[in-house]
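The file entry.cif comes next; it holds mmCIF, C-alpha atoms (C1' of nucleotides).
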data_start
loop_
_atom_site.label_atom_id
_atom_site.label_comp_id
_atom_site.auth_asym_id
_atom_site.auth_seq_id
_atom_site.Cartn_x
_atom_site.Cartn_y
_atom_site.Cartn_z
CA MET A 925 103.32 150.61 74.91
CA LYS A 926 103.78 150.39 78.61
CA PRO A 927 106.76 148.23 79.52
CA LYS A 928 106.94 145.85 82.47
CA ASP A 929 108.16 147.56 85.57
CA GLU A 930 111.32 145.86 86.80
CA GLN A 931 110.93 147.37 90.23
CA LYS A 932 107.42 146.03 90.49
CA GLN A 933 108.62 142.63 89.40
CA GLU A 934 111.25 142.70 92.09
CA ALA A 935 108.79 144.02 94.67
CA ILE A 936 106.52 141.06 94.04
CA GLN A 937 109.36 138.61 94.50
CA GLN A 938 110.53 140.27 97.68
CA ALA A 939 106.98 140.31 98.98
CA ALA A 940 106.55 136.59 98.29
CA LEU A 941 109.88 135.91 99.97
CA GLN A 942 108.78 137.86 103.02
CA CYS A 943 105.36 136.17 103.11
CA ILE A 944 106.96 132.72 103.12
CA PHE A 945 109.27 133.84 105.89
CA GLU A 946 106.37 135.11 107.96
CA GLU A 947 103.81 132.39 107.40
CA GLY A 948 105.57 129.49 105.77
CA ILE A 949 104.84 128.00 102.40
CA ALA A 950 101.58 126.61 103.79
CA GLY A 951 100.22 130.09 104.44
CA LEU A 952 101.33 131.74 101.21
CA LYS A 953 98.48 133.64 99.53
CA MET A 954 98.58 135.56 96.28
CA GLU A 955 96.52 138.31 97.87
CA SER A 956 99.03 138.70 100.71
CA ILE A 957 101.87 138.91 98.24
CA ALA A 958 100.07 141.60 96.24
CA LYS A 959 99.20 143.58 99.34
CA LYS A 960 102.77 143.47 100.62
CA ALA A 961 104.11 144.46 97.20
CA GLN A 962 101.52 147.26 97.05
CA VAL A 963 100.03 146.15 93.77
CA ALA A 964 96.66 144.76 92.80
CA THR A 965 96.19 141.00 92.98
CA GLY A 966 95.87 140.77 89.23
CA THR A 967 99.23 142.46 88.74
CA VAL A 968 101.03 139.46 90.16
CA TYR A 969 99.63 137.51 87.21
CA VAL A 970 101.16 139.97 84.76
CA TYR A 971 104.59 138.87 85.96
CA PHE A 972 103.98 135.23 86.84
CA LYS A 973 101.63 132.86 85.09
CA ASN A 974 100.44 131.43 88.38
CA LYS A 975 101.43 130.67 91.95
CA ASP A 976 103.37 127.56 91.01
CA GLU A 977 105.54 129.38 88.53
CA LEU A 978 106.22 132.15 91.00
CA ILE A 979 107.33 129.69 93.65
CA ASN A 980 109.61 127.72 91.34
CA HIS A 981 111.13 130.91 90.02
CA LEU A 982 111.92 132.05 93.53
CA PHE A 983 113.49 128.75 94.47
CA LEU A 984 115.83 128.62 91.50
CA ARG A 985 116.76 132.26 91.78
CA PHE A 986 117.78 132.09 95.42
CA LYS A 987 119.31 128.64 95.27
CA ARG A 988 121.63 129.62 92.46
CA SER A 989 122.65 132.96 93.90
CA SER A 990 123.36 131.59 97.36
CA ILE A 991 125.51 128.68 96.26
CA LEU A 992 127.38 130.59 93.59
CA ALA A 993 128.22 133.34 96.06
CA LEU A 994 129.57 130.69 98.37
CA GLU A 995 131.83 129.10 95.79
CA ALA A 996 133.25 132.41 94.79
CA GLN A 997 134.85 132.48 98.23
CA ILE A 998 137.17 129.55 97.57
CA ASP A 999 140.73 130.57 96.80
CA VAL A 1000 142.81 127.56 95.83
CA LYS A 1001 146.02 129.36 96.69
CA GLN A 1002 145.06 129.59 100.35
CA PRO A 1003 145.67 126.84 102.90
CA PHE A 1004 142.78 124.49 103.59
CA LYS A 1005 141.79 125.90 106.94
CA VAL A 1006 141.68 129.45 105.60
CA ASN A 1007 139.30 128.37 102.86
CA PHE A 1008 137.27 126.31 105.28
CA ARG A 1009 136.88 129.21 107.69
CA GLN A 1010 135.99 131.53 104.84
CA LEU A 1011 133.33 129.15 103.60
CA TRP A 1012 131.90 128.48 107.04
CA TYR A 1013 131.57 132.18 107.79
CA SER A 1014 130.15 133.00 104.37
CA TYR A 1015 127.50 130.35 104.68
CA MET A 1016 126.65 131.39 108.21
CA ASN A 1017 126.59 135.00 107.15
CA PHE A 1018 124.23 134.22 104.30
CA ALA A 1019 121.86 132.33 106.59
CA LEU A 1020 121.96 135.10 109.19
CA THR A 1021 121.54 138.09 106.92
CA ASN A 1022 119.02 136.45 104.60
CA PRO A 1023 116.75 134.52 106.93
CA ALA A 1024 113.89 134.75 104.49
CA GLN A 1025 115.92 133.25 101.68
CA ALA A 1026 117.26 130.52 103.92
CA THR A 1027 113.73 129.73 105.08
CA LEU A 1028 112.39 129.68 101.55
CA LEU A 1029 115.06 127.27 100.38
CA GLU A 1030 114.53 125.03 103.36
CA GLN A 1031 110.74 125.04 103.04
CA LEU A 1032 110.75 124.35 99.33
CA HIS A 1033 113.39 121.66 99.48
CA ARG A 1034 110.76 119.33 100.88
CA SER A 1035 107.68 120.20 98.85
CA PRO A 1036 105.87 118.96 95.76
CA TYR A 1037 106.68 122.23 94.02
CA LEU A 1038 110.34 121.35 93.58
CA SER A 1039 111.29 119.50 90.39
CA GLN A 1040 113.82 116.67 90.26
CA GLU A 1041 115.93 118.75 87.88
CA ALA A 1042 116.17 121.56 90.41
CA ARG A 1043 117.33 119.12 93.08
CA GLN A 1044 120.00 117.73 90.79
CA GLU A 1045 121.21 121.18 89.83
CA ALA A 1046 121.55 122.10 93.49
CA GLU A 1047 123.51 118.90 94.07
CA LYS A 1048 125.91 119.67 91.24
CA LEU A 1049 126.52 123.17 92.52
CA LEU A 1050 128.12 121.69 95.62
CA GLU A 1051 130.92 120.03 93.62
CA PRO A 1052 133.63 122.63 94.33
CA ILE A 1053 132.92 122.32 98.03
CA ARG A 1054 133.24 118.54 97.94
CA GLN A 1055 136.51 119.14 96.13
CA LEU A 1056 137.76 121.33 98.93
CA LEU A 1057 136.82 118.73 101.52
CA ASN A 1058 138.69 116.09 99.52
CA GLU A 1059 141.82 118.21 99.66
CA GLY A 1060 141.43 118.56 103.40
CA LYS A 1061 141.27 114.79 103.67
CA GLN A 1062 144.31 114.32 101.44
CA GLN A 1063 146.24 116.67 103.71
CA GLN A 1064 145.03 114.61 106.68
CA LEU A 1065 143.46 117.69 108.20
CA VAL A 1066 139.92 116.34 107.89
CA LYS A 1067 138.54 113.06 109.23
CA PRO A 1068 138.62 110.33 106.54
CA VAL A 1069 134.82 110.08 106.24
CA ASP A 1070 132.32 110.47 103.40
CA ASN A 1071 131.64 113.95 102.09
CA GLU A 1072 127.94 113.33 102.72
CA LEU A 1073 128.69 113.05 106.42
CA LEU A 1074 130.79 116.20 106.43
CA LEU A 1075 128.34 118.26 104.40
CA ALA A 1076 125.30 117.22 106.42
CA PHE A 1077 127.18 117.87 109.64
CA LEU A 1078 128.26 121.34 108.56
CA SER A 1079 125.18 122.59 106.77
CA GLY A 1080 122.79 121.12 109.33
CA SER A 1081 124.48 122.77 112.27
CA ILE A 1082 124.89 126.14 110.53
CA ASN A 1083 121.30 126.28 109.34
CA GLN A 1084 119.89 125.26 112.68
CA LEU A 1085 121.98 127.82 114.51
CA ALA A 1086 120.94 130.61 112.16
CA ARG A 1087 117.32 129.54 112.49
CA ARG A 1088 117.42 129.64 116.28
CA SER A 1089 119.03 133.01 116.04
CA TYR A 1090 116.23 134.67 114.12
CA GLU A 1091 113.39 132.59 115.47
CA MET A 1092 114.17 132.88 119.15
CA GLY A 1093 116.11 136.11 119.01
CA PHE A 1094 119.30 134.33 120.10
CA GLU A 1095 121.98 136.84 119.23
CA LEU A 1096 125.01 135.44 117.47
CA THR A 1097 127.73 137.71 118.75
CA PRO A 1098 131.25 137.51 117.29
CA LEU A 1099 132.27 135.42 120.31
CA ARG A 1100 129.44 132.95 119.82
CA LEU A 1101 130.17 132.73 116.11
CA GLU A 1102 133.78 131.92 116.87
CA GLN A 1103 132.64 129.28 119.37
CA ALA A 1104 130.29 127.81 116.80
CA PHE A 1105 133.07 127.78 114.23
CA ALA A 1106 135.34 126.00 116.70
CA MET A 1107 132.67 123.31 117.16
CA ALA A 1108 132.46 122.81 113.41
CA TRP A 1109 136.21 122.69 112.95
CA ASP A 1110 136.84 120.40 115.93
CA GLY A 1111 134.08 118.16 114.59
CA ILE A 1112 135.60 117.63 111.17
CA LYS A 1113 139.31 117.78 111.92
CA SER A 1114 141.14 114.47 112.21
CA MET R 40 75.62 104.93 123.14
CA LYS R 41 78.26 104.37 120.55
CA PRO R 42 81.73 105.10 121.93
CA LYS R 43 84.51 106.75 120.03
CA ASP R 44 86.65 104.28 118.17
CA GLU R 45 90.20 104.53 119.40
CA GLN R 46 91.52 102.76 116.36
CA LYS R 47 89.77 105.21 114.08
CA GLN R 48 91.17 108.10 116.06
CA GLU R 49 94.64 106.65 115.65
CA ALA R 50 94.07 105.91 111.96
CA ILE R 51 93.21 109.56 111.36
CA GLN R 52 96.36 110.73 113.08
CA GLN R 53 98.56 108.26 111.22
CA ALA R 54 96.91 109.29 107.96
CA ALA R 55 97.60 112.95 108.64
CA LEU R 56 101.19 112.12 109.54
CA GLN R 57 101.62 110.23 106.29
CA CYS R 58 99.95 112.99 104.24
CA ILE R 59 102.32 115.59 105.63
CA PHE R 60 105.27 113.32 104.90
CA GLU R 61 104.11 112.85 101.32
CA GLU R 62 102.97 116.33 100.39
CA GLY R 63 104.20 118.66 103.07
CA ILE R 64 102.09 120.81 105.33
CA ALA R 65 101.26 123.06 102.39
CA GLY R 66 99.38 120.27 100.63
CA LEU R 67 97.53 118.88 103.64
CA LYS R 68 93.80 118.46 102.97
CA MET R 69 91.14 117.16 105.33
CA GLU R 70 89.70 115.12 102.49
CA SER R 71 93.05 113.42 101.82
CA ILE R 72 93.41 112.57 105.48
CA ALA R 73 89.93 111.05 105.58
CA LYS R 74 90.54 109.06 102.42
CA LYS R 75 93.84 107.67 103.68
CA ALA R 76 92.27 106.81 107.05
CA GLN R 77 89.35 105.20 105.21
CA VAL R 78 86.68 107.25 106.94
CA ALA R 79 84.23 109.90 105.75
CA THR R 80 85.39 113.49 105.75
CA GLY R 81 82.94 114.37 108.50
CA THR R 82 84.34 111.68 110.76
CA VAL R 83 87.58 113.59 111.12
CA TYR R 84 85.49 116.33 112.74
CA VAL R 85 84.13 113.87 115.31
CA TYR R 86 87.66 113.48 116.64
CA PHE R 87 89.08 116.93 115.98
CA LYS R 88 87.23 120.21 116.13
CA ASN R 89 89.00 121.48 113.01
CA LYS R 90 92.18 121.29 111.00
CA ASP R 91 94.03 123.65 113.30
CA GLU R 92 93.31 121.53 116.34
CA LEU R 93 94.32 118.36 114.53
CA ILE R 94 97.62 119.86 113.48
CA ASN R 95 98.44 121.24 116.89
CA HIS R 96 97.50 117.94 118.48
CA LEU R 97 99.82 116.06 116.15
CA PHE R 98 102.67 118.44 116.77
CA LEU R 99 102.44 118.21 120.54
CA ARG R 100 101.88 114.46 120.52
CA PHE R 101 104.96 113.68 118.49
CA LYS R 102 107.07 116.38 120.05
CA ARG R 103 106.28 115.08 123.51
CA SER R 104 106.78 111.45 122.70
CA SER R 105 110.04 112.01 120.91
CA ILE R 106 111.56 114.20 123.58
CA LEU R 107 110.23 112.21 126.52
CA ALA R 108 111.64 109.02 125.00
CA LEU R 109 114.95 110.82 124.80
CA GLU R 110 114.91 111.96 128.38
CA ALA R 111 114.10 108.47 129.61
CA GLN R 112 117.54 107.56 128.32
CA ILE R 113 119.33 109.78 130.81
CA ASP R 114 120.75 107.89 133.75
CA VAL R 115 122.20 110.29 136.30
CA LYS R 116 124.38 107.55 137.77
CA GLN R 117 126.27 107.16 134.52
CA PRO R 118 129.25 109.32 133.49
CA PHE R 119 128.49 112.27 131.26
CA LYS R 120 129.88 110.79 128.08
CA VAL R 121 127.85 107.61 128.48
CA ASN R 122 124.69 109.68 128.79
CA PHE R 123 125.67 111.87 125.90
CA ARG R 124 126.35 108.95 123.60
CA GLN R 125 123.09 107.34 124.63
CA LEU R 126 121.18 110.55 123.88
CA TRP R 127 122.90 111.14 120.57
CA TYR R 128 122.16 107.64 119.34
CA SER R 129 118.57 107.70 120.59
CA TYR R 130 117.87 110.97 118.81
CA MET R 131 119.53 109.79 115.63
CA ASN R 132 117.64 106.53 115.84
CA PHE R 133 114.35 108.36 116.25
CA ALA R 134 115.01 110.56 113.23
CA LEU R 135 116.07 107.57 111.13
CA THR R 136 113.25 105.22 112.03
CA ASN R 137 110.48 107.84 112.07
CA PRO R 138 111.09 110.04 109.06
CA ALA R 139 107.44 111.04 108.85
CA GLN R 140 107.40 112.23 112.46
CA ALA R 141 110.66 114.05 112.03
CA THR R 142 109.34 115.73 108.90
CA LEU R 143 106.08 116.69 110.58
CA LEU R 144 107.86 118.33 113.48
CA GLU R 145 110.17 120.19 111.15
CA GLN R 146 107.37 121.32 108.81
CA LEU R 147 105.01 122.43 111.55
CA HIS R 148 107.61 124.32 113.47
CA ARG R 149 107.40 127.00 110.85
CA SER R 150 103.72 127.12 109.86
CA PRO R 151 100.80 129.43 110.58
CA TYR R 152 98.83 126.59 112.17
CA LEU R 153 101.07 126.15 115.17
CA SER R 154 99.96 128.05 118.27
CA GLN R 155 102.34 130.01 120.46
CA GLU R 156 101.48 127.75 123.40
CA ALA R 157 102.53 124.66 121.48
CA ARG R 158 105.83 126.29 120.64
CA GLN R 159 106.44 127.22 124.26
CA GLU R 160 105.67 123.74 125.54
CA ALA R 161 108.11 122.26 123.05
CA GLU R 162 110.76 124.59 124.40
CA LYS R 163 110.13 123.54 127.99
CA LEU R 164 110.47 119.87 127.14
CA LEU R 165 114.16 120.37 126.44
CA GLU R 166 114.93 121.35 130.02
CA PRO R 167 116.41 117.99 131.19
CA ILE R 168 118.71 117.96 128.21
CA ARG R 169 119.94 121.45 128.96
CA GLN R 170 120.52 120.17 132.48
CA LEU R 171 122.72 117.35 131.22
CA LEU R 172 124.75 119.76 129.11
CA ASN R 173 125.23 121.98 132.15
CA GLU R 174 126.69 119.04 134.05
CA GLY R 175 129.05 118.33 131.19
CA LYS R 176 130.22 121.91 131.35
CA GLN R 177 130.66 121.79 135.14
CA GLN R 178 132.86 118.73 134.70
CA GLN R 179 134.81 120.64 132.06
CA LEU R 180 134.07 117.96 129.51
CA VAL R 181 132.01 120.26 127.32
CA LYS R 182 133.06 123.59 125.83
CA PRO R 183 131.95 126.51 128.03
CA VAL R 184 129.43 127.87 125.55
CA ASP R 185 125.69 128.59 125.64
CA ASN R 186 123.30 125.67 125.61
CA GLU R 187 121.62 127.25 122.59
CA LEU R 188 124.82 126.80 120.66
CA LEU R 189 125.25 123.21 121.74
CA LEU R 190 121.64 122.24 121.10
CA ALA R 191 121.49 123.84 117.67
CA PHE R 192 124.81 122.26 116.75
CA LEU R 193 123.71 118.79 117.81
CA SER R 194 120.11 118.73 116.67
CA GLY R 195 120.89 120.49 113.40
CA SER R 196 123.57 118.04 112.37
CA ILE R 197 121.60 114.96 113.43
CA ASN R 198 118.42 116.05 111.67
CA GLN R 199 120.24 116.97 108.50
CA LEU R 200 122.10 113.70 108.41
CA ALA R 201 118.92 111.68 108.95
CA ARG R 202 117.16 113.74 106.27
CA ARG R 203 119.90 113.09 103.72
CA SER R 204 119.73 109.45 104.63
CA TYR R 205 116.07 108.98 103.78
CA GLU R 206 115.84 111.62 101.07
CA MET R 207 118.90 110.64 99.06
CA GLY R 208 119.14 107.03 100.16
CA PHE R 209 122.49 107.62 101.88
CA GLU R 210 122.87 104.57 104.07
CA LEU R 211 123.95 105.25 107.61
CA THR R 212 125.97 102.14 108.39
CA PRO R 213 127.20 101.48 111.94
CA LEU R 214 130.62 102.77 110.87
CA ARG R 215 129.20 106.00 109.49
CA LEU R 216 127.05 106.48 112.58
CA GLU R 217 130.12 106.08 114.76
CA GLN R 218 131.97 108.59 112.57
CA ALA R 219 129.07 111.03 112.83
CA PHE R 220 128.97 110.57 116.58
CA ALA R 221 132.69 111.28 116.74
CA MET R 222 132.14 114.55 114.86
CA ALA R 223 129.45 115.57 117.34
CA TRP R 224 131.52 114.64 120.37
CA ASP R 225 134.70 116.26 119.09
CA GLY R 226 132.66 119.35 118.29
CA ILE R 227 131.30 119.86 121.78
CA LYS R 228 134.15 118.56 123.93
CA SER R 229 136.46 121.12 125.49
"C1'" DA E 272 98.97 165.34 69.89
"C1'" DT E 273 97.18 161.05 68.67
"C1'" DT E 274 97.36 156.34 68.47
"C1'" DT E 275 98.73 151.99 69.99
"C1'" DT E 276 99.88 148.67 73.15
"C1'" DA E 277 100.38 146.44 77.20
"C1'" DA E 278 100.47 147.15 82.23
"C1'" DA E 279 97.55 147.81 86.17
"C1'" DT E 280 93.34 147.39 88.58
"C1'" DG E 281 89.97 145.12 91.52
"C1'" DA E 282 85.62 143.19 91.36
"C1'" DA E 283 83.72 138.95 89.93
"C1'" DA E 284 83.94 134.16 88.59
"C1'" DA E 285 86.00 129.84 89.29
"C1'" DA E 286 88.21 126.53 91.91
"C1'" DA E 287 89.68 124.48 95.89
"C1'" DT E 288 89.00 123.38 100.51
"C1'" DA E 289 86.97 123.42 105.19
"C1'" DT E 290 83.10 122.65 107.81
"C1'" DT E 291 78.30 121.59 108.85
"C1'" DC E 292 74.27 118.88 109.37
"C1'" DA E 293 70.23 115.95 108.44
"C1'" DT E 294 70.20 111.23 108.26
"C1'" DT E 295 71.72 106.60 109.07
"C1'" DT E 296 74.14 103.26 111.78
"C1'" DA E 297 76.17 101.01 115.72
"C1'" DT E 298 76.58 100.10 120.50
"C1'" DA E 299 75.84 100.55 125.35
"C1'" DT E 300 72.15 100.65 128.76
"C1'" DT E 301 67.62 99.59 130.40
"C1'" DA W 224 64.12 93.56 122.62
"C1'" DA W 225 63.52 98.29 122.92
"C1'" DT W 226 65.47 102.67 123.72
"C1'" DA W 227 68.75 106.17 123.99
"C1'" DT W 228 72.80 108.20 122.58
"C1'" DA W 229 76.51 109.40 120.06
"C1'" DA W 230 79.43 107.94 116.10
"C1'" DA W 231 79.59 107.81 111.16
"C1'" DT W 232 78.33 109.35 106.73
"C1'" DG W 233 78.78 112.29 102.65
"C1'" DA W 234 76.19 115.57 100.24
"C1'" DA W 235 75.40 120.34 100.86
"C1'" DT W 236 76.98 124.70 102.37
"C1'" DA W 237 80.31 127.99 103.75
"C1'" DT W 238 84.61 129.84 103.34
"C1'" DT W 239 88.86 130.74 101.47
"C1'" DT W 240 91.89 131.42 97.80
"C1'" DT W 241 93.18 131.46 93.03
"C1'" DT W 242 92.54 133.16 88.66
"C1'" DT W 243 90.26 135.78 85.11
"C1'" DC W 244 88.72 139.74 82.66
"C1'" DA W 245 86.42 144.04 81.35
"C1'" DT W 246 87.97 148.43 82.13
"C1'" DT W 247 91.19 152.07 83.12
"C1'" DT W 248 95.74 153.97 83.02
"C1'" DA W 249 100.38 154.90 81.54
"C1'" DA W 250 104.07 154.87 78.47
"C1'" DA W 251 106.11 154.32 73.84
"C1'" DA W 252 105.73 155.01 68.98
"C1'" DT W 253 103.98 157.53 65.26
#

Re-express the file's structure as structure tokens.
Amino acid sequence: MKPKDEQKQEAIQQAALQCIFEEGIAGLKMESIAKKAQVATGTVYVYFKNKDELINHLFLRFKRSSILALEAQIDVKQPFKVNFRQLWYSYMNFALTNPAQATLLEQLHRSPYLSQEARQEAEKLLEPIRQLLNEGKQQQLVKPVDNELLLAFLSGSINQLARRSYEMGFELTPLRLEQAFAMAWDGIKS
Amino acid sequence: MKPKDEQKQEAIQQAALQCIFEEGIAGLKMESIAKKAQVATGTVYVYFKNKDELINHLFLRFKRSSILALEAQIDVKQPFKVNFRQLWYSYMNFALTNPAQATLLEQLHRSPYLSQEARQEAEKLLEPIRQLLNEGKQQQLVKPVDNELLLAFLSGSINQLARRSYEMGFELTPLRLEQAFAMAWDGIKS
DNA sequence: ATTTTAAATGAAAAAATATTCATTTATATT
DNA sequence: AATATAAATGAATATTTTTTCATTTAAAAT
């Protein structure tokens, strides 16, 4: 018996990820994925029942890994601003070093492929971060506004900045990152 | 001679806009557009050479109108902060009252349909806003950082906030809008 | 070494979608 | 009112893309 090839399985996923990055979800073709993964078109169907299943698998995989990695950064023993800075940089770093993953998550977030359950799971994953923001508010370090406002403000600006960086080749030097962080911090601090 | 029906032309565009809002660019079909516009499939081709042209036309139309409406808000006689507030609220208002347009612009920005020329024109349209930010920096009201940083910071946070508002039903009350504006202003001010 | 099993292949079929076009219909011009 | 012209139609055709499947290949089990 010939077993499934884990490397091939991974190659297909990476190829799909790359294809979405290059052409968007609208241009995603099974043939392109196979070609990029250097397998035959039919091979993709050995690992994924169909295109839909492949896409949903990718979304859940990358959504979970990105948010869990983020939360692992929180250290309750550290002062609020240290944790905040750590989180901000981790998120920015994820978006910058994994543009394809960031693009995939963004593209799928608003698409008929994504199930309601997946949305809810993603929402729940943010709980520890809301918690951190609450502590910042209790310590009167953060503006007394809804977490929704804070989260949208932070994630929106980070994602957009990362996007500009890899779309327009705008280099985010350490100086610029520190400037961007200062904007985020000044924005939320009370 | 039968002239082209301007209302039909508009109906097709509105239908396409609505289709993209409902199913994303990935699910956009000429047949769906025609059905929603209540015309025959072939009629769409009377007004647009093909799908590509329709999509690019929509992108440029809404990009131009949204940005030009913004720029009309700038009044050089007013102090910087007055102009900035006016711009921030206009942009937020656009994103909140035209979710379909905002979604279309966001979805098309990263799709294989969009031509390079369309992208470049969109970039040029931002010039007057860059100009305003430059003045803010000259007056030492705005942090001395690249316009790219400022624009990404502002547009990213506004878009994300508007998106959360109409996706999750998070109501942006006048108080919350003022709080969000304060975050933006505190973020960019030096 | 042989057998067994499932992966891998890629051409072909199926399905989905875009586009065309012969025909009909509506409107401006004469 | 008749004519000319282009819009409008939607079925037919073309094209693109997904999915299947008969066949080959590779690895594990015997």

For chain R versus chain E, which residues have an atom no more than 8 Å away, and what is each residue's nearest atom pair and distance in Å rounded to one decimal, using all atoms listed in the file, chain-then-number order, as a Markdown table?
| residue | atom | partner | partner_atom | distance |
| --- | --- | --- | --- | --- |
| R:Met40 | CA | E:DA299 | C1' | 4.9 |
| R:Lys41 | CA | E:DT298 | C1' | 4.6 |
| R:Pro42 | CA | E:DT298 | C1' | 7.3 |
| R:Lys68 | CA | E:DT288 | C1' | 7.3 |
| R:Met69 | CA | E:DA289 | C1' | 7.5 |
| R:Asn89 | CA | E:DT290 | C1' | 8.0 |

Filtering to C-alpha atoms, could you give me those residues as an mmCIF file, in the coordinates of the input?
data_model
loop_
_atom_site.group_PDB
_atom_site.id
_atom_site.type_symbol
_atom_site.label_atom_id
_atom_site.label_comp_id
_atom_site.auth_asym_id
_atom_site.auth_seq_id
_atom_site.Cartn_x
_atom_site.Cartn_y
_atom_site.Cartn_z
ATOM 1 C CA MET R 40 75.620 104.930 123.140
ATOM 2 C CA LYS R 41 78.260 104.370 120.550
ATOM 3 C CA PRO R 42 81.730 105.100 121.930
ATOM 4 C CA LYS R 68 93.800 118.460 102.970
ATOM 5 C CA MET R 69 91.140 117.160 105.330
ATOM 6 C CA ASN R 89 89.000 121.480 113.010
#

Rounded to one decimal place, report the atom CA of Leu1073 of chain A-atom CA of Gln146 of chain R distance in Å.
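Computed distance, atom CA of Leu1073 of chain A to atom CA of Gln146 of chain R, equals 23.0 Å.
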
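Within 12 Å of Ile168 of chain R, once only C-alpha atoms (C1' of nucleotides) are used and residues closer than 6 positions along the same chain are dropped, the contacting residues are R:Ile106, R:Leu107, R:Ala108, R:Leu109, R:Glu110, R:Ala111, R:Gln112, R:Ile113, R:Asp114, R:Val115, R:Phe119, R:Asn122, R:Phe123, R:Leu126, R:Trp127, R:Tyr130, R:Glu162, R:Glu174, R:Gly175, R:Asn186, R:Glu187, R:Leu189, R:Leu190, R:Leu193, R:Ser194.
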
Sorted by chain and rising residue number, which residues of chain W lie within 7 Å of chain R, and what are their closest atom pairs and distances in Å to one decimal, counting all atoms listed in the file, as a tab-separated table?
residue	atom	partner	partner_atom	distance
W:DT228	C1'	R:Met40	CA	4.4
W:DA229	C1'	R:Lys41	CA	5.3
W:DA230	C1'	R:Lys41	CA	5.8
W:DA231	C1'	R:Thr82	CA	6.1
W:DT232	C1'	R:Ala79	CA	6.0
W:DG233	C1'	R:Ala79	CA	6.7

Could those selected residues go to a file with C-alpha atoms (C1' of nucleotides), as a PDB file, keeping the file's coordinate frame?
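Dumped everything to again-v4.pdb:
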ATOM      1  C1'  DT W 228      72.800 108.200 122.580  1.00  0.00           C
ATOM      2  C1'  DA W 229      76.510 109.400 120.060  1.00  0.00           C
ATOM      3  C1'  DA W 230      79.430 107.940 116.100  1.00  0.00           C
ATOM      4  C1'  DA W 231      79.590 107.810 111.160  1.00  0.00           C
ATOM      5  C1'  DT W 232      78.330 109.350 106.730  1.00  0.00           C
ATOM      6  C1'  DG W 233      78.780 112.290 102.650  1.00  0.00           C
TER       7       DG W 233
END

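Applied to the file shown here, the PyMOL selection byres ((chain R) within 6 of (chain A)) selects Gly63, Ala65, Arg149, Ser150, Pro151, Ala191, Phe192, Gly195, Ser196, Gln199, Leu200, Met222, Ala223, Asp225, Gly226 and Ile227 of chain R.
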
As AutoDock Vina command-line options, please: the centre and edge lengths in Å, to one decimal, of an axis-aligned box enclosing every listed atom of segment 1070-1082 of chain A with 4 Å added on each side.
--center_x 127.6 --center_y 118.3 --center_z 107.2 --size_x 17.5 --size_y 23.7 --size_z 18.2

Quick check, in Å to one decimal: how far apart do atom CA of Glu955 of chain A and atom CA of Gln1025 of chain A lie?
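Answer for the atom CA of Glu955 of chain A to atom CA of Gln1025 of chain A separation: 20.4 Å.
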
How many Å separate atom CA of Lys1048 of chain A from atom CA of Ile979 of chain A?
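Atom CA of Ile979 of chain A lies at a distance of 21.2 Å from atom CA of Lys1048 of chain A.
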
Please list as a list of chain:residue names every residue within 9 Å of Leu982 of chain A, counting all atoms listed in the file and excluding residues in the same chain fewer than 2 positions away.
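Within the cut-off, the hits are A:Gln937, A:Ala940, A:Leu941, A:Glu977, A:Leu978, A:Ile979, A:Asn980, A:Leu984, A:Arg985, A:Phe986, A:Lys987, A:Leu1028, A:Leu1029.
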
Taking C-alpha atoms for each residue, export the selection above as a short mmCIF file (atom, residue, chain, number, x, y, z; two decimals), keeping the file's coordinate frame.
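New file out_24.cif:
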data_model
loop_
_atom_site.label_atom_id
_atom_site.label_comp_id
_atom_site.auth_asym_id
_atom_site.auth_seq_id
_atom_site.Cartn_x
_atom_site.Cartn_y
_atom_site.Cartn_z
CA GLN A 937 109.36 138.61 94.50
CA ALA A 940 106.55 136.59 98.29
CA LEU A 941 109.88 135.91 99.97
CA GLU A 977 105.54 129.38 88.53
CA LEU A 978 106.22 132.15 91.00
CA ILE A 979 107.33 129.69 93.65
CA ASN A 980 109.61 127.72 91.34
CA LEU A 984 115.83 128.62 91.50
CA ARG A 985 116.76 132.26 91.78
CA PHE A 986 117.78 132.09 95.42
CA LYS A 987 119.31 128.64 95.27
CA LEU A 1028 112.39 129.68 101.55
CA LEU A 1029 115.06 127.27 100.38
#
